[in-house]
Structure formats: structure tokens, C-alpha cells
$ cat data27.cif   # mmCIF, C-alpha atoms
data_upload
#
loop_
_atom_site.label_atom_id
_atom_site.label_comp_id
_atom_site.auth_asym_id
_atom_site.auth_seq_id
_atom_site.Cartn_x
_atom_site.Cartn_y
_atom_site.Cartn_z
CA MET U 1 12.82 13.18 -1.59
CA ILE U 2 9.88 10.90 -0.68
CA SER U 3 10.76 7.31 0.14
CA THR U 4 9.16 4.24 -1.50
CA ILE U 5 7.26 3.51 1.71
CA HIS U 6 5.70 6.96 1.73
CA ARG U 7 4.71 6.63 -1.95
CA SER U 8 2.97 3.35 -1.12
CA LEU U 9 1.17 4.96 1.81
CA PHE U 10 0.09 7.78 -0.48
CA PHE U 11 -1.65 5.41 -2.92
CA VAL U 12 -3.31 3.55 -0.05
CA PHE U 13 -4.66 6.83 1.27
CA ILE U 14 -5.98 7.77 -2.18
CA LYS U 15 -7.86 4.44 -2.43
CA VAL U 16 -9.39 4.97 0.99
CA LEU U 17 -10.32 8.51 0.02
CA ILE U 18 -12.14 7.30 -3.12
CA SER U 19 -13.92 4.52 -1.27
CA SER U 20 -15.15 6.96 1.32
CA PHE U 21 -17.39 8.65 -1.26
CA LYS U 22 -19.22 5.39 -2.03
CA ILE U 23 -20.87 5.09 1.35
CA SER U 24 -24.46 6.06 2.09
CA THR U 25 -25.56 9.63 2.69
CA ALA U 26 -26.33 8.69 6.31
CA ASP U 27 -22.58 8.56 6.85
CA PHE U 28 -22.00 11.86 5.11
CA ALA U 29 -20.43 13.50 8.16
CA LEU U 30 -17.98 10.63 8.61
CA THR U 31 -17.25 10.75 4.88
CA MET U 32 -16.15 14.37 5.14
CA ILE U 33 -14.08 13.88 8.28
CA ARG U 34 -12.19 10.83 7.09
CA PRO U 35 -10.54 12.47 4.01
CA ALA U 36 -9.61 15.49 6.09
CA LEU U 37 -7.83 13.32 8.64
CA ILE U 38 -6.12 11.32 5.92
CA ILE U 39 -4.85 14.42 4.14
CA ALA U 40 -3.61 15.90 7.42
CA PHE U 41 -1.78 12.68 8.28
CA LEU U 42 -0.24 12.53 4.81
CA PHE U 43 0.94 16.13 5.06
CA ILE U 44 2.57 15.51 8.44
CA SER U 45 4.27 12.33 7.19
CA LEU U 46 5.72 14.03 4.13
CA ALA U 47 6.82 17.04 6.12
CA GLY U 48 8.60 14.80 8.59
CA THR U 49 10.76 13.31 5.83
CA SER U 50 11.77 16.63 4.24
CA GLN U 51 15.40 17.63 4.38
CA GLN U 52 17.16 20.87 3.68
CA LYS U 53 20.75 21.20 2.54
CA ILE U 54 22.82 23.93 4.17
CA ALA U 55 26.01 24.94 2.36
CA GLY U 56 28.69 27.45 3.18
CA LEU U 57 32.15 28.74 2.39
CA VAL U 58 34.76 29.74 4.99
CA GLU U 59 37.12 32.52 3.92
CA ASP U 60 39.91 34.63 5.35
CA GLU U 61 38.37 38.01 6.20
CA GLU U 62 41.39 39.98 4.99
CA THR U 63 42.49 38.10 1.88
CA GLY U 64 39.25 36.37 0.83
CA SER U 65 41.14 33.11 0.36
CA PRO U 66 39.42 29.86 1.44
CA VAL U 67 40.20 28.44 4.87
CA SER U 68 40.92 24.76 4.28
CA TYR U 69 40.07 22.06 6.82
CA ALA U 70 38.40 24.39 9.30
CA SER U 71 36.63 22.56 12.11
CA ILE U 72 32.83 22.89 12.29
CA THR U 73 30.85 21.71 15.31
CA SER U 74 27.12 21.95 15.98
CA LYS U 75 25.39 22.21 19.35
CA ARG U 76 24.50 18.55 18.89
CA ASP U 77 28.24 17.70 18.86
CA GLU U 78 28.19 16.83 15.16
CA GLY U 79 31.65 17.49 13.78
CA PHE U 80 33.05 17.88 10.27
CA MET U 81 35.51 20.01 8.31
CA THR U 82 35.67 22.26 5.29
CA ASP U 83 37.33 20.78 2.22
CA SER U 84 40.51 22.03 0.55
CA LEU U 85 38.53 24.93 -1.00
CA GLY U 86 36.92 25.99 2.27
CA ARG U 87 33.50 24.56 1.38
CA PHE U 88 31.16 22.60 3.61
CA SER U 89 27.58 21.31 3.55
CA PHE U 90 25.22 19.32 5.76
CA LEU U 91 21.55 18.34 5.95
CA ILE U 92 18.97 19.34 8.51
CA ARG U 93 15.84 17.21 8.86
CA LYS U 94 13.69 19.60 10.88
CA GLN U 95 12.93 23.24 10.26
CA THR U 96 13.38 23.91 13.97
CA ARG U 97 17.10 23.26 13.53
CA LEU U 98 17.38 26.51 11.58
CA ASN U 99 17.52 28.17 15.00
CA ASP U 100 20.59 26.10 15.94
CA SER U 101 24.11 27.40 15.43
CA ILE U 102 27.50 26.03 14.41
CA LEU U 103 30.97 26.89 15.74
CA ILE U 104 33.68 27.36 13.12
CA SER U 105 37.31 27.29 14.18
CA ALA U 106 40.64 27.00 12.39
CA ILE U 107 44.24 27.08 13.45
CA GLY U 108 45.49 30.67 13.51
CA TYR U 109 41.98 32.19 13.42
CA SER U 110 39.49 33.42 15.99
CA SER U 111 36.55 31.03 16.32
CA LYS U 112 33.14 32.18 15.13
CA ARG U 113 29.62 31.00 15.97
CA ILE U 114 26.90 31.55 13.37
CA ALA U 115 23.19 30.70 13.23
CA ILE U 116 22.24 28.11 10.61
CA LYS U 117 19.44 30.33 9.30
CA ASP U 118 21.98 33.12 8.64
CA LEU U 119 23.81 30.79 6.21
CA LEU U 120 20.71 30.79 4.01
CA ALA U 121 20.99 34.55 3.57
CA ASN U 122 24.77 34.63 3.20
CA HIS U 123 26.68 31.38 2.74
CA LYS U 124 30.11 32.98 3.24
CA VAL U 125 31.67 32.94 6.69
CA LYS U 126 34.64 35.24 7.33
CA LEU U 127 37.29 34.29 9.91
CA THR U 128 39.72 36.81 11.40
CA GLN U 129 43.38 35.92 11.73
CA GLN U 130 44.99 35.94 15.16
CA GLU U 131 47.96 38.00 14.00
CA LYS U 132 49.99 37.90 17.19
CA VAL U 133 49.75 34.13 17.34
CA LEU U 134 50.40 33.58 13.65
CA GLU U 135 53.81 35.22 13.92
CA GLN U 136 55.06 32.25 15.96
CA VAL U 137 52.62 29.42 15.33
CA LYS U 138 53.64 26.33 13.39
CA VAL U 139 51.17 23.74 12.13
CA PHE U 140 52.16 20.09 11.83
CA ALA U 141 49.86 17.56 10.21
CA SER U 142 49.99 13.97 9.05
CA LEU U 143 47.25 14.88 6.52
CA LYS U 144 48.57 15.59 3.03
CA GLY U 145 45.56 14.65 0.90
CA ASP U 146 42.01 15.81 0.40
CA TYR U 147 39.79 15.73 3.49
CA ASN U 148 36.93 14.32 1.38
CA LYS U 149 38.98 11.26 0.43
CA PHE U 150 39.58 9.60 3.76
CA GLY U 151 40.13 5.99 2.78
CA TYR U 152 41.99 4.57 5.76
CA TYR U 153 39.96 3.22 8.66
CA ARG U 154 41.97 1.80 11.57
CA ASP U 155 39.64 -0.13 13.87
CA TRP U 156 40.45 -0.18 17.58
CA LYS U 157 39.44 -2.29 20.56
CA VAL U 158 37.08 -0.55 22.98
CA LYS U 159 38.23 -2.68 25.92
CA ASN U 160 41.01 -0.66 27.52
CA GLU U 161 44.27 -2.57 27.86
CA GLY U 162 46.61 0.39 27.61
CA GLY U 163 46.99 0.22 23.84
CA GLU U 164 47.95 3.32 21.82
CA ILE U 165 48.23 4.47 18.23
CA GLY U 166 49.89 7.63 16.95
CA TYR U 167 52.21 9.47 14.60
CA ILE U 168 55.80 10.75 14.95
CA PHE U 169 56.50 14.37 13.99
CA ASP U 170 59.92 15.84 13.17
CA LEU U 171 60.28 19.24 14.86
CA ALA U 172 62.66 22.16 14.38
CA ARG U 173 63.71 22.21 18.04
CA ASN U 174 63.31 20.17 21.20
CA LYS U 175 61.55 22.84 23.29
CA ILE U 176 58.09 23.91 22.19
CA GLN U 177 54.76 25.15 23.49
CA MET U 178 51.82 22.94 22.59
CA GLY U 179 48.51 24.62 21.80
CA MET U 180 46.04 22.12 20.34
CA ILE U 181 46.05 18.58 18.95
CA GLN U 182 43.34 17.06 16.74
CA VAL U 183 42.61 13.48 15.68
CA LYS U 184 39.87 12.23 13.34
CA ILE U 185 37.60 9.40 14.47
CA ASN U 186 34.45 7.49 13.54
CA HIS U 187 32.36 5.41 15.98
CA ASN U 188 28.77 4.46 16.82
CA TYR U 189 28.77 4.75 20.63
CA ASP U 190 27.04 7.49 22.61
CA THR U 191 30.30 8.65 24.22
CA CYS U 192 33.96 7.65 24.03
CA TRP U 193 36.85 8.70 26.27
CA LEU U 194 40.25 9.35 24.66
CA LYS U 195 43.55 9.99 26.42
CA LEU U 196 46.36 11.97 24.80
CA HIS U 197 49.97 10.77 24.94
CA LEU U 198 53.11 12.73 24.02
CA ARG U 199 56.32 10.70 24.07
CA ASP U 200 59.94 11.25 23.16
CA VAL U 201 61.41 9.05 20.44
CA ALA U 202 64.54 6.90 20.67
CA ILE U 203 67.55 8.27 18.82
CA SER U 204 68.96 4.92 17.76
CA GLY U 205 67.53 1.56 16.81
CA LEU U 206 64.00 1.53 15.42
CA SER U 207 63.23 5.10 16.62
CA LEU U 208 60.19 3.97 18.60
CA PRO U 209 58.14 6.00 21.11
CA GLU U 210 59.52 5.90 24.64
CA ASN U 211 58.91 8.10 27.69
CA GLU U 212 55.79 10.16 28.39
CA VAL U 213 56.53 13.91 28.42
CA LEU U 214 53.12 15.18 29.53
CA LYS U 215 53.06 16.18 33.19
CA LYS U 216 49.33 15.49 33.64
CA ASP U 217 46.62 13.31 32.13
CA ILE U 218 44.64 14.93 29.31
CA ILE U 219 41.38 13.07 28.67
CA VAL U 220 38.51 14.12 26.41
CA ALA U 221 34.98 12.68 26.46
CA THR U 222 33.60 12.98 22.93
CA THR U 223 30.13 12.44 21.52
CA VAL U 224 31.29 13.30 17.98
CA LYS U 225 30.43 10.26 15.87
CA TYR U 226 32.37 11.30 12.77
CA GLY U 227 34.78 14.18 12.95
CA LEU U 228 37.59 15.81 14.87
CA VAL U 229 38.39 15.38 18.54
CA GLU U 230 40.37 18.32 19.96
CA PHE U 231 42.77 18.30 22.91
CA ASN U 232 43.51 21.80 24.23
CA LEU U 233 46.90 21.98 25.96
CA ASP U 234 46.74 25.76 26.49
CA TRP U 235 50.33 26.28 25.27
CA ALA U 236 51.90 23.89 27.74
CA PRO U 237 55.73 23.82 27.59
CA ILE U 238 57.09 20.54 26.20
CA THR U 239 60.74 19.46 26.29
CA ILE U 240 62.02 16.37 24.48
CA PRO U 241 65.59 14.98 24.22
CA THR U 242 65.49 14.87 20.44
CA LYS U 243 63.55 16.81 17.81
CA ARG U 244 61.10 13.95 17.26
CA LEU U 245 57.76 13.77 19.07
CA TYR U 246 55.25 10.93 19.15
CA VAL U 247 51.61 12.08 19.39
CA GLY U 248 49.37 9.17 20.34
CA PHE U 249 45.91 8.30 21.57
CA GLU U 250 44.58 5.74 24.01
CA LEU U 251 40.93 4.70 23.86
CA LEU U 252 39.99 4.38 27.53
CA ARG U 253 36.42 3.21 27.06
CA CYS U 254 33.15 3.83 25.22
CA GLY U 255 29.59 3.97 26.51
CA CYS U 256 26.50 2.37 24.99
CA SER U 257 25.90 1.66 21.31
CA GLN U 258 22.55 1.12 19.56
CA SER U 259 24.29 -0.64 16.67
CA SER U 260 24.33 -4.40 16.23
CA ALA U 261 28.01 -4.03 15.30
CA PRO U 262 29.63 -1.53 17.72
CA SER U 263 32.85 -0.10 16.32
CA PHE U 264 35.49 2.59 16.77
CA PHE U 265 37.90 3.77 14.06
CA TYR U 266 40.75 6.24 13.63
CA LEU U 267 40.67 7.84 10.17
CA GLY U 268 43.35 8.94 7.73
CA ASN U 269 44.36 9.02 4.09
CA ALA U 270 47.95 10.19 3.80
CA GLU U 271 50.75 7.77 3.04
CA GLY U 272 52.94 7.27 6.07
CA VAL U 273 53.66 5.06 9.05
CA ASN U 274 51.72 5.00 12.30
CA PHE U 275 53.07 3.44 15.48
CA PHE U 276 50.93 1.37 17.79
CA LYS U 277 50.87 -1.19 20.58
CA ASP U 278 47.90 -3.41 21.40
CA SER U 279 48.30 -3.22 25.18
CA ASN U 280 50.35 -1.54 27.87
CA GLU U 281 52.75 -4.48 28.00
CA ALA U 282 52.93 -5.11 24.24
CA ALA U 283 55.85 -4.06 22.05
CA TRP U 284 55.60 -1.09 19.69
CA GLN U 285 54.87 -1.86 16.05
CA ARG U 286 54.90 0.03 12.77
CA GLY U 287 51.54 -0.12 11.05
CA GLY U 288 50.15 0.24 7.55
CA GLU U 289 50.98 2.15 4.39
CA TYR U 290 48.66 4.94 5.49
CA THR U 291 48.63 6.87 8.73
CA ILE U 292 45.88 8.26 10.91
CA TYR U 293 45.05 11.96 10.67
CA VAL U 294 46.76 13.98 13.43
CA ARG U 295 47.24 17.74 13.46
CA MET U 296 48.94 19.88 16.12
CA LEU U 297 49.52 23.57 16.76
CA THR U 298 52.83 24.59 18.36
CA LYS U 299 54.95 27.66 18.93
#
$ encode --input "data27.cif" --output "C-alpha cells"
Amino acid sequence: MISTIHRSLFFVFIKVLISSFKISTADFALTMIRPALIIAFLFISLAGTSQQKIAGLVEDEETGSPVSYASITSKRDEGFMTDSLGRFSFLIRKQTRLNDSILISAIGYSSKRIAIKDLLANHKVKLTQQEKVLEQVKVFASLKGDYNKFGYYRDWKVKNEGGEIGYIFDLARNKIQMGMIQVKINHNYDTCWLKLHLRDVAISGLSLPENEVLKKDIIVATTVKYGLVEFNLDWAPITIPTKRLYVGFELLRCGCSQSSAPSFFYLGNAEGVNFFKDSNEAAWQRGGEYTIYVRMLTK
């Protein structure tokens, strides 16, 4: 689609083109060169604004059923997910990006990298189940609604004061192996650093997060502006006193932002309660009617 500015430029160029034919024959050579340059410039300008929509469908290779909420990441660290029907789409602004590729991954499936140009020939992407893992794997998620209807934006201070926000999961047992944890974010910085926290939950009282159960710091530097941040725990053993586990996130810092209004948000849409504290010394609080989106893979 051509913008209003480009349409205006087009009419200006046409007027100049017409006026060029009214000059004397002594300037005939210049008359012929000028329209050629104008047309070339117009062609380049219009080409630079062209966009191409790339669409695809992620399916289970064996059953043909859609793979909902699969994670898709480009080489430019752009992240998004498939919807509840396994569909996804995005725009590319330069034809050279057809040579780029995307990585598609989903819990319980082997990841697959595919060239963008191959999606034009066949928009279906088949993922293979990891059968040995699926026998034991359990997926826990705070997300219960449609991925396309994220309506909860929880803003967060970039200045690190030890604050956290997270979600409490009810588990079947108190000894698990943790594979991967995902959280959905939106920000306009070049890079942000997030730290993962896993805490046990008090049995009595307000059932608030308490002691850290991770044995080492797990920090991820993400350039994803809108999408999923993944923490890979490589099936680390986790033991908690009760069957309740708090999964939380601490924003350590963010880099530079070109925006006049720098911001960082956690996203969600499912009804539920998140738990947060504004600083390391602050008390825990229950927050909002909606919770942030957290998903974890355990066995």
C-alpha cells in the first residue's frame, strides 16, 4: 500500500515531467535525462515501501492437528506465537528477507528451522513429537484464553530495586524436574536482562512466596520486543516443601531506547492473581484481576 506522502510525491514528479517537455530544443538532452531519473527515483521509492505478508500453519506431523501457541523466532530476534488454531503471519519489508529463516518450537516437539521463502511454496510446517519426553512431561500455564487477545499490560520499573512479579502454580508433587519456563513481554529498549526466580510458598497465612529454591542465578538477555522470553533449566531437579511453586521474574536492567516514552510490560489475559513486590525490601502483594502469561515444562 502506497502512503499519502508517496502519492503526493508521485503527482509532483508528474508535474515536473510535463514541464520538462516545455523547454527549448537546446536542452533536449537534459529533457530526456530528467524524466528517466525521476522515474527511477519513483520506482525505488515505491519498491522501498512494499511489504509482503508471510502466513503459515504449524501442525503435528503424525496427527495433522494444529500446534497451538508454538513459539516462532526469527534471526532478528523477533518473537511471536501461533494462535489457538496453529496459524501465524508476519510482514517482511524487503525482498532480501526471503532468504532469512525462522525457528519454530513447541513444548513436547522437536524444534524446526525453515526458510521464509519455503513458506511461500508450502505454508504448512510439520513438527515431530518427542515421544520419550511426552510420556512424562507436564505443561503448566497461566494462559487460558486466546493468544491473540492479550489485554493485560503490567508495566514495570526498569530501575532495578529487587522487585519481582510472578504466578503460583499448584503441582502434583513436591519433587520435579524443570525443563523450560516462558514469560511474555513487550518493551521498546534494545536489550533487557531478566532474572528467573523459583520460590516455595507458605503453607499457612496468605500463602505468599518465600524462599528461593534455585541453586544458581538464571539470567536471560533478550532483544525480543514483543514475544516470549525462554529460560532453559535443562531439567534441573527442584524440591519444594509444599506442592505450590512461585515462578517469578526480576527485571535487572534495560539498555538504550529510541522511544520518547521508554517502557517495559509483562503481558497476559487470563483471569487470575499475580504476586509482586516493588523492591527487595517491600512486602509481597496480590495484584490485579488478570495475571501475566507464564508457561513451564516439567517432568
$ resolve_selection --input "data27.cif" --expression "the PyMOL selection byres ((chain U and resi 225) around 7)" --output "number ranges by chain"
U: 78, 186-188, 223-224, 226-227
$ closest_residue --input "data27.cif" --among "U:Gln129, U:Asn232, U:Ile102, U:Gly64" --to "Gln177 of chain U" --atoms "all atoms listed in the file"
U:Asn232
$ resolve_selection --input "data27.cif" --expression "the PyMOL selection byres ((chain U and resi 213) around 9)" --output "ChimeraX atom specification"
/U:197-200,211-212,214-215,238-240
$ closest_residue --input "data27.cif" --among "U:Gln51, U:Gln130, U:Thr242, U:Ser89" --to "Phe169 of chain U" --atoms "all atoms listed in the file"
U:Thr242
$ residues_around --input "data27.cif" --residues "Phe249 of chain U" --least-positions-apart "2" --cutoff "8 Å" --atoms "all atoms listed in the file" --output "list in words"
Glu164, Ile165, Gly166, Leu194, Lys195, Leu196, His197, Val247 and Leu251 of chain U
$ resolve_selection --input "data27.cif" --expression "the PyMOL selection byres ((chain U and resi 107) around 8)" --output "list in words"
Ala70, Ser105, Ala106, Gly108, Tyr109, Val139 and Leu297 of chain U
$ atom_distance --input "data27.cif" --atom1 "atom CA of Met180 of chain U" --atom2 "atom CA of Thr222 of chain U"
15.7 Å
$ closest_residue --input "data27.cif" --among "U:Thr82, U:Ser68, U:Thr291, U:Ser111" --to "Gly56 of chain U" --atoms "all atoms listed in the file"
U:Thr82
$ atom_distance --input "data27.cif" --atom1 "atom CA of Phe231 of chain U" --atom2 "atom CA of Gly79 of chain U"
14.4 Å
